[in-house]
Amino acid sequence: MSTESIGSSRRLLIADNDSDVCRTLEDRLEAYGFCGAVAVDGAAALALLEAERFDRLIDIDVPQRDGTKGLRAPRHHLPLLPVLVISVSIACIQAMKHSSPQLNGDLLKPFMTTEFKTALTQCVSQQRIT
Amino acid sequence: MRWRASTRSSHPVNVQVLKYGLAVLAVVLATGITWQLPSIRDRSPFLLFILAVLFSTWYGCRGPGLLSVFLSVACTDYFFLHPVRTLSLQELGELTRLGLFGGVAVVVFVMTDRLKQAEAHLRETNAELEQRVRERTEKLEAATQKLRELDELKSASVSIASHEVRTPLCAIKGYVDNLLAGFVSELNDQVVYYLKRIDYNVNRLIRMTNDLLDLSQIEANRLTLDLQELSIQEILDQVVENFQREAQEKSITLTTQVTPALHVRADRHKLERILTNLLDNAIKFTPAGGRVRIESHPVNEHAVKLTVSDTGCGIAPHAIEKVFQKFHRETSEHRGVGLGLAITKSLVELHGGHISVDSDVGQGTTFSFTLPVAS
């Protein structure tokens, strides 16, 4: 598997309530050259977004029922922040697309490494304007 | 109110009076007509009286029928048998004629009465049967509703179970992928082998989970498509890359040939699922050293055709028709639950496409499906 750097030290925030998923993605993102931070729930993610500057948000299924709500808050504060959504539910992804048409990428859990890398590359290619 | 109540209570009496009145009228009419028509009067003066008895018994039942019998006998005796205008009979022949007529009238009365009773019984039985059918239908509807609820519960349970296992699967796969990618440290060959086997089996589990979830959604008619314009090349590159490791391990050559700039209108996740199922199948049934090839080209201005062909063991002619059936497995030796192709067919048809299979035993199999072109 190629581990060439696509991150260029960009700062990425990973929000998920599953610490194992967060850890694996954090390690992978660091290997890709990103600088990652982890939030274990929506509130922590929001606090980090307000306190620090991030280039991208990876929103991983803040549980199924709250996924759309979890995305709405950062979208309200930082409307142009590129977001990659990863969820266990297609319905949840579709709901997020409806509530936030500018979604920059989506993945269905569990995903292959290549799928993650492709989605991440697409998300990275989006320019943060703020 | 009082008038209505009174009307209701007198209604059956009125009907009875009417029935007796009609019996009398029928006999009077029979008498009048027979009297007026010499051809009837001379040849068979009893004919119209038989009809009067028949009518009275059929319409009025037992009482009016019996009345018409007595009145008919009395009228024929009085008006048509010698000596006329008297009820007494002096000739034996006339007495015999009257006796025969009376006997026939009674037989007609009894037969009609029985027929009427049989009809009433039939009507009652019919009403009883209708009531039973209604009750059974209600029970059947209740059972169907219960089954529908159980089916929805089953689909919901499968859906929840499938969702719940996705996060732990994602974590396991993440750790294995990171280890195999060398993000942590250098690994010896045995550890790499173990990790590859874990990865292979996790991928199987992921596909099974996806199949079960898709099936539950298809059966519950809850499967919706998120249609978008997709590059065939891009989707194929991604799906094929997911199978490269497995293909290499079996020394299978995996190639693609796609007409450039070909775009379809499809749901990305579903299209990936279709290709994944067909590729998984092709690699599974192709022996070491074989070839698996994916091609794509436009059929016309509205559709694109994709084919996945292999040099595997092929499918026997008798089994071809069953390959798209749920839970169909050609032999129990083959892994999987037999859902992949059934789901694939449903997903293709949900896009408005068509899927077909062509196979030669010992030569290989080709699955072809169409998808709508992106406008």
# chains A, B, ... in the order shown; residues from 1 in each chain; ligands from 1
$ interface_residues --of "chain B" --to "chain A" --cutoff "9 Å" --atoms "only C-alpha atoms" --output "ChimeraX atom specification"
/B:162-164,166-175,177-178,180-184,203,206,224,226,238-239,241-242,269
$ select_by_dssp --residues "stretch 232-342 of chain B" --states "strand (DSSP E)" --output "VMD selection string"
chain B and resid 253 to 258 263 to 267 291 to 298 303 to 310
$ residues_around --residues "B:Thr365" --least-positions-apart "2" --cutoff "7 Å" --atoms "only C-alpha atoms" --output "JSON list (two decimals) with C-alpha atoms, in the first residue's frame"
[["chain", "number", "residue", "atom", "x", "y", "z"],
["B", 309, "SER", "CA", -15.92, -12.60, -17.05],
["B", 310, "ASP", "CA", -13.73, -15.31, -15.59],
["B", 311, "THR", "CA", -11.99, -18.49, -16.64],
["B", 312, "GLY", "CA", -13.46, -20.41, -13.73],
["B", 314, "GLY", "CA", -18.49, -22.38, -15.04],
["B", 358, "ASP", "CA", -23.61, -16.80, -19.83],
["B", 359, "SER", "CA", -21.51, -19.80, -18.87],
["B", 360, "ASP", "CA", -19.67, -22.84, -20.24],
["B", 367, "PHE", "CA", -22.10, -11.78, -16.01]]
$ atom_distance --atom1 "atom CA of B:Phe49" --atom2 "atom CA of B:Ala30"
5.6 Å
$ select_by_dssp --residues "stretch 282-330 of chain B" --states "helix (DSSP H, G or I)" --output "tab-separated table (two decimals) with N, CA and C atoms, in the first residue's frame"
chain	number	residue	atom	x	y	z
B	282	ALA	N	-16.43	-14.08	-9.12
B	282	ALA	CA	-15.50	-14.48	-10.19
B	282	ALA	C	-14.20	-15.02	-9.60
B	283	ILE	N	-13.65	-14.31	-8.61
B	283	ILE	CA	-12.38	-14.74	-8.02
B	283	ILE	C	-12.56	-16.05	-7.23
B	284	LYS	N	-13.72	-16.16	-6.58
B	284	LYS	CA	-14.00	-17.35	-5.78
B	284	LYS	C	-14.00	-18.63	-6.64
B	317	PRO	N	-25.74	-26.06	-16.95
B	317	PRO	CA	-26.96	-25.50	-17.56
B	317	PRO	C	-28.17	-25.55	-16.64
B	318	HIS	N	-28.34	-26.64	-15.88
B	318	HIS	CA	-29.52	-26.75	-15.01
B	318	HIS	C	-29.50	-25.74	-13.86
B	319	ALA	N	-28.32	-25.21	-13.54
B	319	ALA	CA	-28.21	-24.30	-12.40
B	319	ALA	C	-28.25	-22.83	-12.82
B	320	ILE	N	-28.14	-22.58	-14.12
B	320	ILE	CA	-28.09	-21.19	-14.61
B	320	ILE	C	-29.30	-20.39	-14.13
$ residues_around --residues "B:Thr370" --least-positions-apart "2" --cutoff "6 Å" --atoms "only C-alpha atoms" --output "ChimeraX atom specification"
/B:304-305,353-354
$ atom_distance --atom1 "atom CA of B:Lys326" --atom2 "atom CA of B:Ile294"
24.4 Å
$ atom_distance --atom1 "atom CA of B:Thr209" --atom2 "atom CA of B:Ser159"
9.4 Å
$ closest_residue --among "B:Glu246, B:Glu234, B:Glu219, B:Asp199" --to "B:Leu279" --atoms "only C-alpha atoms"
B:Glu246
$ residues_around --residues "stretch 343-349 of chain B" --least-positions-apart "2" --cutoff "12 Å" --atoms "only C-alpha atoms" --output "ChimeraX atom specification"
/B:207-208,210-219,221,223-225,265-281,305-306,323-328,337-341,351-357,367-372
$ decode --residues "stretch 46-62 of chain B" --atoms "all heavy atoms" --output "PDB file, in the first residue's frame"
ATOM      1  N   PHE B  46    -108.992 -27.918 -15.444  1.00  0.00           N
ATOM      2  CA  PHE B  46    -108.155 -27.893 -14.204  1.00  0.00           C
ATOM      3  C   PHE B  46    -106.787 -27.222 -14.379  1.00  0.00           C
ATOM      4  O   PHE B  46    -106.137 -26.893 -13.399  1.00  0.00           O
ATOM      5  CB  PHE B  46    -107.909 -29.330 -13.713  1.00  0.00           C
ATOM      6  CG  PHE B  46    -109.174 -30.134 -13.594  1.00  0.00           C
ATOM      7  CD1 PHE B  46    -109.431 -31.202 -14.417  1.00  0.00           C
ATOM      8  CD2 PHE B  46    -110.136 -29.780 -12.630  1.00  0.00           C
ATOM      9  CE1 PHE B  46    -110.593 -31.931 -14.299  1.00  0.00           C
ATOM     10  CE2 PHE B  46    -111.310 -30.525 -12.514  1.00  0.00           C
ATOM     11  CZ  PHE B  46    -111.551 -31.589 -13.344  1.00  0.00           C
ATOM     12  N   LEU B  47    -106.404 -27.030 -15.654  1.00  0.00           N
ATOM     13  CA  LEU B  47    -105.042 -26.578 -15.940  1.00  0.00           C
ATOM     14  C   LEU B  47    -104.686 -25.269 -15.222  1.00  0.00           C
ATOM     15  O   LEU B  47    -103.673 -25.193 -14.510  1.00  0.00           O
ATOM     16  CB  LEU B  47    -104.861 -26.425 -17.464  1.00  0.00           C
ATOM     17  CG  LEU B  47    -103.450 -26.041 -17.901  1.00  0.00           C
ATOM     18  CD1 LEU B  47    -102.482 -27.186 -17.631  1.00  0.00           C
ATOM     19  CD2 LEU B  47    -103.433 -25.678 -19.379  1.00  0.00           C
ATOM     20  N   LEU B  48    -105.496 -24.259 -15.390  1.00  0.00           N
ATOM     21  CA  LEU B  48    -105.168 -22.955 -14.789  1.00  0.00           C
ATOM     22  C   LEU B  48    -105.228 -23.013 -13.259  1.00  0.00           C
ATOM     23  O   LEU B  48    -104.523 -22.277 -12.579  1.00  0.00           O
ATOM     24  CB  LEU B  48    -106.113 -21.876 -15.322  1.00  0.00           C
ATOM     25  CG  LEU B  48    -105.894 -21.533 -16.813  1.00  0.00           C
ATOM     26  CD1 LEU B  48    -106.887 -20.472 -17.255  1.00  0.00           C
ATOM     27  CD2 LEU B  48    -104.474 -21.051 -17.067  1.00  0.00           C
ATOM     28  N   PHE B  49    -106.043 -23.929 -12.736  1.00  0.00           N
ATOM     29  CA  PHE B  49    -106.116 -24.069 -11.260  1.00  0.00           C
ATOM     30  C   PHE B  49    -104.806 -24.669 -10.705  1.00  0.00           C
ATOM     31  O   PHE B  49    -104.386 -24.315  -9.611  1.00  0.00           O
ATOM     32  CB  PHE B  49    -107.330 -24.932 -10.865  1.00  0.00           C
ATOM     33  CG  PHE B  49    -108.623 -24.214 -11.093  1.00  0.00           C
ATOM     34  CD1 PHE B  49    -109.352 -24.429 -12.256  1.00  0.00           C
ATOM     35  CD2 PHE B  49    -109.089 -23.285 -10.166  1.00  0.00           C
ATOM     36  CE1 PHE B  49    -110.541 -23.749 -12.479  1.00  0.00           C
ATOM     37  CE2 PHE B  49    -110.285 -22.603 -10.392  1.00  0.00           C
ATOM     38  CZ  PHE B  49    -111.001 -22.832 -11.559  1.00  0.00           C
ATOM     39  N   ILE B  50    -104.207 -25.553 -11.487  1.00  0.00           N
ATOM     40  CA  ILE B  50    -102.901 -26.106 -11.066  1.00  0.00           C
ATOM     41  C   ILE B  50    -101.882 -24.972 -10.970  1.00  0.00           C
ATOM     42  O   ILE B  50    -101.112 -24.859 -10.005  1.00  0.00           O
ATOM     43  CB  ILE B  50    -102.417 -27.189 -12.066  1.00  0.00           C
ATOM     44  CG1 ILE B  50    -103.359 -28.397 -12.096  1.00  0.00           C
ATOM     45  CG2 ILE B  50    -100.985 -27.622 -11.766  1.00  0.00           C
ATOM     46  CD1 ILE B  50    -103.365 -29.203 -10.812  1.00  0.00           C
ATOM     47  N   LEU B  51    -101.928 -24.088 -12.002  1.00  0.00           N
ATOM     48  CA  LEU B  51    -100.997 -22.938 -12.006  1.00  0.00           C
ATOM     49  C   LEU B  51    -101.288 -22.019 -10.818  1.00  0.00           C
ATOM     50  O   LEU B  51    -100.349 -21.477 -10.209  1.00  0.00           O
ATOM     51  CB  LEU B  51    -101.122 -22.163 -13.320  1.00  0.00           C
ATOM     52  CG  LEU B  51    -100.581 -22.864 -14.566  1.00  0.00           C
ATOM     53  CD1 LEU B  51    -100.815 -22.019 -15.806  1.00  0.00           C
ATOM     54  CD2 LEU B  51     -99.089 -23.174 -14.425  1.00  0.00           C
ATOM     55  N   ALA B  52    -102.584 -21.848 -10.490  1.00  0.00           N
ATOM     56  CA  ALA B  52    -102.964 -20.999  -9.346  1.00  0.00           C
ATOM     57  C   ALA B  52    -102.414 -21.580  -8.046  1.00  0.00           C
ATOM     58  O   ALA B  52    -101.893 -20.857  -7.188  1.00  0.00           O
ATOM     59  CB  ALA B  52    -104.486 -20.870  -9.278  1.00  0.00           C
ATOM     60  N   VAL B  53    -102.517 -22.919  -7.887  1.00  0.00           N
ATOM     61  CA  VAL B  53    -101.982 -23.584  -6.682  1.00  0.00           C
ATOM     62  C   VAL B  53    -100.462 -23.402  -6.622  1.00  0.00           C
ATOM     63  O   VAL B  53     -99.884 -23.075  -5.577  1.00  0.00           O
ATOM     64  CB  VAL B  53    -102.355 -25.093  -6.688  1.00  0.00           C
ATOM     65  CG1 VAL B  53    -101.597 -25.831  -5.574  1.00  0.00           C
ATOM     66  CG2 VAL B  53    -103.848 -25.264  -6.500  1.00  0.00           C
ATOM     67  N   LEU B  54     -99.826 -23.601  -7.770  1.00  0.00           N
ATOM     68  CA  LEU B  54     -98.361 -23.456  -7.857  1.00  0.00           C
ATOM     69  C   LEU B  54     -97.932 -22.053  -7.440  1.00  0.00           C
ATOM     70  O   LEU B  54     -97.048 -21.867  -6.595  1.00  0.00           O
ATOM     71  CB  LEU B  54     -97.921 -23.760  -9.309  1.00  0.00           C
ATOM     72  CG  LEU B  54     -96.436 -23.852  -9.563  1.00  0.00           C
ATOM     73  CD1 LEU B  54     -95.870 -25.120  -8.945  1.00  0.00           C
ATOM     74  CD2 LEU B  54     -96.150 -23.853 -11.061  1.00  0.00           C
ATOM     75  N   PHE B  55     -98.603 -21.057  -8.016  1.00  0.00           N
ATOM     76  CA  PHE B  55     -98.272 -19.661  -7.725  1.00  0.00           C
ATOM     77  C   PHE B  55     -98.499 -19.330  -6.250  1.00  0.00           C
ATOM     78  O   PHE B  55     -97.644 -18.749  -5.590  1.00  0.00           O
ATOM     79  CB  PHE B  55     -99.110 -18.748  -8.637  1.00  0.00           C
ATOM     80  CG  PHE B  55     -99.092 -17.310  -8.223  1.00  0.00           C
ATOM     81  CD1 PHE B  55     -97.999 -16.497  -8.527  1.00  0.00           C
ATOM     82  CD2 PHE B  55    -100.146 -16.759  -7.489  1.00  0.00           C
ATOM     83  CE1 PHE B  55     -97.972 -15.173  -8.139  1.00  0.00           C
ATOM     84  CE2 PHE B  55    -100.111 -15.435  -7.097  1.00  0.00           C
ATOM     85  CZ  PHE B  55     -99.017 -14.635  -7.416  1.00  0.00           C
ATOM     86  N   SER B  56     -99.670 -19.750  -5.748  1.00  0.00           N
ATOM     87  CA  SER B  56    -100.018 -19.410  -4.354  1.00  0.00           C
ATOM     88  C   SER B  56     -99.060 -20.061  -3.368  1.00  0.00           C
ATOM     89  O   SER B  56     -98.660 -19.443  -2.380  1.00  0.00           O
ATOM     90  CB  SER B  56    -101.452 -19.884  -4.043  1.00  0.00           C
ATOM     91  OG  SER B  56    -102.347 -19.300  -4.951  1.00  0.00           O
ATOM     92  N   THR B  57     -98.724 -21.327  -3.634  1.00  0.00           N
ATOM     93  CA  THR B  57     -97.811 -22.021  -2.709  1.00  0.00           C
ATOM     94  C   THR B  57     -96.406 -21.405  -2.777  1.00  0.00           C
ATOM     95  O   THR B  57     -95.744 -21.211  -1.762  1.00  0.00           O
ATOM     96  CB  THR B  57     -97.736 -23.530  -3.037  1.00  0.00           C
ATOM     97  OG1 THR B  57     -99.052 -24.028  -3.221  1.00  0.00           O
ATOM     98  CG2 THR B  57     -97.041 -24.288  -1.937  1.00  0.00           C
ATOM     99  N   TRP B  58     -95.949 -21.093  -4.004  1.00  0.00           N
ATOM    100  CA  TRP B  58     -94.582 -20.547  -4.167  1.00  0.00           C
ATOM    101  C   TRP B  58     -94.476 -19.165  -3.541  1.00  0.00           C
ATOM    102  O   TRP B  58     -93.557 -18.895  -2.799  1.00  0.00           O
ATOM    103  CB  TRP B  58     -94.213 -20.497  -5.661  1.00  0.00           C
ATOM    104  CG  TRP B  58     -92.808 -20.003  -5.855  1.00  0.00           C
ATOM    105  CD1 TRP B  58     -92.407 -18.748  -6.161  1.00  0.00           C
ATOM    106  CD2 TRP B  58     -91.614 -20.764  -5.674  1.00  0.00           C
ATOM    107  NE1 TRP B  58     -91.050 -18.670  -6.215  1.00  0.00           N
ATOM    108  CE2 TRP B  58     -90.533 -19.909  -5.910  1.00  0.00           C
ATOM    109  CE3 TRP B  58     -91.374 -22.107  -5.337  1.00  0.00           C
ATOM    110  CZ2 TRP B  58     -89.222 -20.328  -5.832  1.00  0.00           C
ATOM    111  CZ3 TRP B  58     -90.049 -22.511  -5.266  1.00  0.00           C
ATOM    112  CH2 TRP B  58     -88.999 -21.622  -5.509  1.00  0.00           C
ATOM    113  N   TYR B  59     -95.484 -18.333  -3.816  1.00  0.00           N
ATOM    114  CA  TYR B  59     -95.411 -16.971  -3.314  1.00  0.00           C
ATOM    115  C   TYR B  59     -95.827 -16.869  -1.855  1.00  0.00           C
ATOM    116  O   TYR B  59     -95.195 -16.195  -1.068  1.00  0.00           O
ATOM    117  CB  TYR B  59     -96.273 -16.042  -4.173  1.00  0.00           C
ATOM    118  CG  TYR B  59     -96.212 -14.609  -3.708  1.00  0.00           C
ATOM    119  CD1 TYR B  59     -95.065 -13.841  -3.939  1.00  0.00           C
ATOM    120  CD2 TYR B  59     -97.255 -14.045  -2.978  1.00  0.00           C
ATOM    121  CE1 TYR B  59     -94.987 -12.545  -3.478  1.00  0.00           C
ATOM    122  CE2 TYR B  59     -97.181 -12.741  -2.507  1.00  0.00           C
ATOM    123  CZ  TYR B  59     -96.035 -12.000  -2.772  1.00  0.00           C
ATOM    124  OH  TYR B  59     -95.948 -10.722  -2.299  1.00  0.00           O
ATOM    125  N   GLY B  60     -96.936 -17.593  -1.498  1.00  0.00           N
ATOM    126  CA  GLY B  60     -97.500 -17.394  -0.162  1.00  0.00           C
ATOM    127  C   GLY B  60     -97.147 -18.460   0.857  1.00  0.00           C
ATOM    128  O   GLY B  60     -97.511 -18.342   2.017  1.00  0.00           O
ATOM    129  N   CYS B  61     -96.489 -19.538   0.444  1.00  0.00           N
ATOM    130  CA  CYS B  61     -96.113 -20.662   1.303  1.00  0.00           C
ATOM    131  C   CYS B  61     -97.348 -21.510   1.683  1.00  0.00           C
ATOM    132  O   CYS B  61     -98.335 -21.504   0.964  1.00  0.00           O
ATOM    133  CB  CYS B  61     -95.361 -20.196   2.540  1.00  0.00           C
ATOM    134  SG  CYS B  61     -93.806 -19.413   2.106  1.00  0.00           S
ATOM    135  N   ARG B  62     -97.204 -22.172   2.837  1.00  0.00           N
ATOM    136  CA  ARG B  62     -98.114 -23.270   3.165  1.00  0.00           C
ATOM    137  C   ARG B  62     -99.615 -22.852   3.263  1.00  0.00           C
ATOM    138  O   ARG B  62    -100.465 -23.414   2.588  1.00  0.00           O
ATOM    139  CB  ARG B  62     -97.671 -23.914   4.468  1.00  0.00           C
ATOM    140  CG  ARG B  62     -98.160 -25.313   4.634  1.00  0.00           C
ATOM    141  CD  ARG B  62     -97.366 -26.017   5.705  1.00  0.00           C
ATOM    142  NE  ARG B  62     -96.035 -26.426   5.239  1.00  0.00           N
ATOM    143  CZ  ARG B  62     -95.125 -26.967   6.012  1.00  0.00           C
ATOM    144  NH1 ARG B  62     -95.349 -27.126   7.285  1.00  0.00           N
ATOM    145  NH2 ARG B  62     -93.970 -27.334   5.518  1.00  0.00           N
TER     146      ARG B  62
END
